[in-house]
Structure formats: structure tokens, C-alpha cells
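J.: Let me give you the structure first, and then I'll get to my questions.
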Amino acid sequence: MGDVGGARDEVRRARYAVAAVFAVHGAVTGSFATRVPWIQDHASLSAGQLGFALAFTAFGASCAMPLAGRISHRFGSRTALRGLLALWTLSLILPSLSPNLYTLCLAMFAYGATSGMADVAMNALGVEVERRLGKSIMSGLHGMWSAGALAGSAAGTLAAHLGSDARVHHVLAAAALTLLGLLACTWVPDVQPAEDEEPPPRFALPPRSALLIGAVGFCAVFAEGASLDWSAVFLRDRLDGSAGLAAASTTGFMLTMAVARIAGDAVVNRFGAVRTVRGGGVLAGAGGLLIVLAGHPAVAMAGFALTGLGIAVVVPLCFAAAGHAGPNPSQAIAGVATVTYTSGLIAPSLIGGVAQATSLTVSFCVVTALSCGLAVFAGVLRTAGRGGRTGVSRPAAAVPDPRS
């Protein structure tokens, strides 16, 4: 019994450690998002140029994400996560140091590459801890990411309100988050590959069964990415909000995301995945309409908050549905992740391009339409078998992994 109790305590510590890693990853995103207007002014960029630079985040992630599995295979999960997370937290410094469009593009490429690799590594460990615990924890882990993003954005809001130089702010934030990340990685599982295990493939096409599910995730993550990187700019440029108020809109969006994700499991267990996503689509669509029609910063801030509330739990439910969608759950989940994360990476640049050609208001009309798509296409998340009602797969019984 002592061995079993010790193993359970170890898995619980691993759960808290992975949750802390998710929070650190989110804090970097929140710290960056609230200072996008400062970075835009510092580099003297138009909306279109800013969108072009943000597109390099997608390029970097697309190039680097396939490497994460190979790095984990080569060094083990703990060492790989420790190194990749440190690279991600330190990359926060680069965008604010960029004096022009060209250097910002390079900075965003590195920012996206390190973000994508750390994201893959920490989600893989989250799935591993979930398997060992024997119960679903991914929604809570994503809630911790949102809580971290909220903390980072709150600090960014304060820094923007005080008129702080983003270079100083981001150097201090990167140093603190790097230390926290390294500390958290001490207790994550150290999964080592079997001696005869082949390295993961560099690229694999997602199965067709995952594409519709990925499309639902695409709509949610597009709204998330657009709101994270453009909410502050929208309030400042469209509604003449102050720097502090503009940054607070991002914080409000992240707050509702965090609350909804932490409470998401209870809602899904009560109403099921399909009805939860449909209701979320209605809320997100209403939030988008408030943003588009806003004549006052408070109205737009309420719209961003509603959007965050509506889209919060969609991605975890997409991953769960993908696991039931075909004969190869891991490939289906990877395919859905590729589609959804690509959406979040291309959304900021697409919003900038549309804004350059028309206006930010038209850009958020696109976001509103995609948010309404959640209500229309939520039925694709309906799954068969025991996970059919909730859309959440039931992990195997908790068993300590002999490889770690």
C-alpha cells in the first residue's frame, strides 16, 4: 500500500507541476499581447505591417512544432520541456527590442517557433499525467494556461497604465517566468522512449474524420487569437481608449476564458459537449456583435469578455471528440491540434490584412461570423460510445509508467 500511495502522491505532484508549466506558458502570451500597441508604435508600423509581422509567428511555429516530438524522444520529456519552455519565456524579450518591420519579423519567427515547441511538449505531458491519474484534467490545464495569461496581461495592463517601456517590462517578466518554469519542470514526469522505439515522424496528414472537428476548433481559436492580439489595438484606434484601458480589454477577455475553462468540466457534464458548444457559439456571436457595433470602450470590453466566455471550452472538447473519431486517436488528435493551432497563429495577421484593406470593424465582422459557426457546426462533436454525451474520453486506469 505504501508503494501505491507514494505513486499516487508522485502523480499528483506531476499534475500540479504540469499545471504550473501551462500557467507559465500562458503568462508569456498575456505579457506580449497587452504590449502589442507599444511594439507597433516603437517599430512605426501600420496595421497591415503589424499583421504581416505577426504572420511570422505562424511560420516559426509551423517549422518548429514537428521538432518537439523528436527533441523529447532524444532527451526525455522532462529535459526537453525544461529547455523548450526556457527558450519560450526568454523569447518574450525579442519583439519589444525590434526597431523596425524586418527585425520584428525575425523576432516573431523565433517567438512562434519556441511557443509551438513548448506547447507540444507540455500538452504531451498533460496527456501522460491524465492517463496516469485515470481522469480528465486537460480542461483544467487549459484553464491554468488562461489563468497564467490573465496574470501576464494584468501585469502588462499595469505596465501600460504606468507608461512603462515594454523592453524593461518584458526583460523582467522573462527572467521571472524562466525561473518559475525551470522550477516547475523539476516535478514533471520524465518519460523516456523504449530502446527500440522509432522517432516520431516529421509530418503526418490528419485523417479525414478529424477535419470537421478541426474546423470547429478553427473557429474558436481564430476568435481567441484575434482577440488576444487585436483587442487592445481595437480599443485604442477604433474607440480612442487610453493605453491602460486598451490593455484592460485583453485582461477582461482572458479573465472570462480562465473562469469558463476552470468551470468547463462541470458544464459539459451537465449539458453535454454539443449543447455546451452551441451555447458558447451564441455567447461568442453576441460578443462579436457588441464589438462591431461598439461606440464606447466599455461596450467593446463587454464584447471581448463574452467572446472569451463563449469559446473557452471548445478546444478541449475538440480534442476529446477527435479521440473517438477514427481508428487512430493519436493521429486524429494531432490533426485537430494542427488545424486549431494554425488558426490561432494566422488569425492576428489576417485581421491585420483585412484592417489594412478596410477597417478593424470589418475584421471583427469576420471574427463574429466564425464565432456563430460554432453554434451551427457543434453537432460534429457528437461522439459514440461512453464519451458520447460529454465529448470527454475516459482515460485508462491510473498506472505508474515504468519508463519514467
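Lettering and numbering for the C-alpha cells are positional, with chains as A, B, ... in the shown order, residues counted from 1 in each chain, and ligands counted from 1 in the shown order.
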So which residues touch region 17-34 of chain A within 6 Å, counting only C-alpha atoms, skipping near sequence neighbours fewer than 6 positions away, as a PDB file with C-alpha atoms, in the first residue's frame?

T.:
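Contents of selection.pdb, freshly written:
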```pdb
ATOM      1  CA  LEU A 141      -4.769  22.513 -17.516  1.00  0.00           C
ATOM      2  CA  MET A 144      -4.361  27.200 -15.841  1.00  0.00           C
ATOM      3  CA  TRP A 145      -2.970  28.452 -19.161  1.00  0.00           C
ATOM      4  CA  GLY A 148      -1.394  32.459 -16.444  1.00  0.00           C
ATOM      5  CA  ALA A 149      -2.317  34.546 -19.469  1.00  0.00           C
ATOM      6  CA  GLY A 152       0.594  38.189 -17.537  1.00  0.00           C
ATOM      7  CA  SER A 153      -1.964  40.527 -19.071  1.00  0.00           C
ATOM      8  CA  GLY A 156       1.007  44.220 -18.758  1.00  0.00           C
ATOM      9  CA  GLY A 181       9.262  27.431 -15.449  1.00  0.00           C
ATOM     10  CA  ALA A 184       8.029  23.654 -12.195  1.00  0.00           C
ATOM     11  CA  TRP A 187       8.459  17.607 -10.881  1.00  0.00           C
ATOM     12  CA  VAL A 188       7.030  16.798 -14.313  1.00  0.00           C
ATOM     13  CA  LEU A 228      -5.649  38.369 -27.813  1.00  0.00           C
ATOM     14  CA  ASP A 229      -3.535  40.339 -30.249  1.00  0.00           C
ATOM     15  CA  ALA A 247      -4.754  46.682 -22.234  1.00  0.00           C
TER      16      ALA A 247
END
```

J.: When DSSP is applied to the backbone of this structure, which of region 115-361 of chain A are assigned helix (DSSP H, G or I)? Write them out as a PyMOL selection string.

T.: chain A and resi 115-133+138-161+166-187+209-239+243-271+273-293+297-311+314-322+329-357+360-361

J.: State, in Å with one decimal place, the distance from CA of Ala110 (chain A) to CA of Ala347 (chain A).

T.: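 Pair CA of Ala110 (chain A) / CA of Ala347 (chain A) returns 17.9 Å.
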
J.: If you count only C-alpha atoms, which residues fall within 7 Å of region 49-58 of chain A, apart from same-chain ones fewer than 3 positions away, as a list in words?

T.: Gln40, Leu45, Ser46, Ala61, Ser62, Leu101, Leu104, Cys105, Met108, Phe109, Tyr111, Gly112, Thr342, Leu345, Ile346, Pro348, Ser349, Leu350, Ile351, Gly352 and Gly353 of chain A

J.: Which one is closest to Leu133 (chain A): A:Ala175, A:Ala160, A:Val11, A:Arg278? Count only C-alpha atoms.

T.: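 Using only C-alpha atoms, the shortest distance to Leu133 (chain A) belongs to A:Val11.
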
J.: One number please: CA of Ala220 (chain A) to CA of Arg70 (chain A), in Å, one decimal.

T.: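 So the answer is 28.9 Å.
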
J.: Find, counting only C-alpha atoms, the residue in A:Leu211, A:Ala337, A:Ala300, A:Leu317 that gets nearest to Ala232 (chain A).

T.: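 Between A:Leu211, A:Ala337, A:Ala300, A:Leu317, the residue approaching Ala232 (chain A) most closely is A:Ala300.
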
J.: Of the residues A:Leu97, A:Leu245, A:Ile213, A:Ala369, which is the one nearest to Val315 (chain A), using only C-alpha atoms?

T.: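 The closest residue to Val315 (chain A) is A:Ile213.
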
J.: When you look at Ala215 (chain A) with a cut-off of 9 Å (counting only C-alpha atoms), what residues show up, excluding the ones that are within fewer than 6 positions of it in the same chain? I need them as a list of chain:residue names.

T.: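 In the requested format, the answer is A:Val336, A:Val339, A:Thr340, A:Phe377.
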
J.: Write a file of the selected residues as a tab-separated table (two decimals), in the first residue's frame, keeping N, CA and C atoms.

T.:
```tsv
chain	number	residue	atom	x	y	z
A	336	VAL	N	-6.34	17.53	-35.42
A	336	VAL	CA	-7.17	18.61	-34.89
A	336	VAL	C	-6.30	19.71	-34.29
A	339	VAL	N	-4.83	21.91	-37.06
A	339	VAL	CA	-5.80	22.84	-37.63
A	339	VAL	C	-6.10	23.98	-36.67
A	340	THR	N	-6.36	23.64	-35.41
A	340	THR	CA	-6.76	24.67	-34.45
A	340	THR	C	-5.62	25.62	-34.13
A	377	PHE	N	-22.18	24.40	-36.32
A	377	PHE	CA	-21.49	23.13	-36.60
A	377	PHE	C	-21.12	22.33	-35.35
```

J.: So, with only C-alpha atoms as the atoms that count, which of A:Val277, A:Ala321, A:Leu239, A:Met122 lies closest to Val292 (chain A)?

T.: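 Of A:Val277, A:Ala321, A:Leu239, A:Met122, the one nearest Val292 (chain A) is A:Leu239, counting only C-alpha atoms.
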
J.: Kindly indicate which residue among A:Leu182, A:Ile39, A:Ala47, A:Ile137 lies nearest to Arg82 (chain A), using only C-alpha atoms for the distances.

T.: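 Using only C-alpha atoms, Arg82 (chain A) sits closest to A:Leu182.
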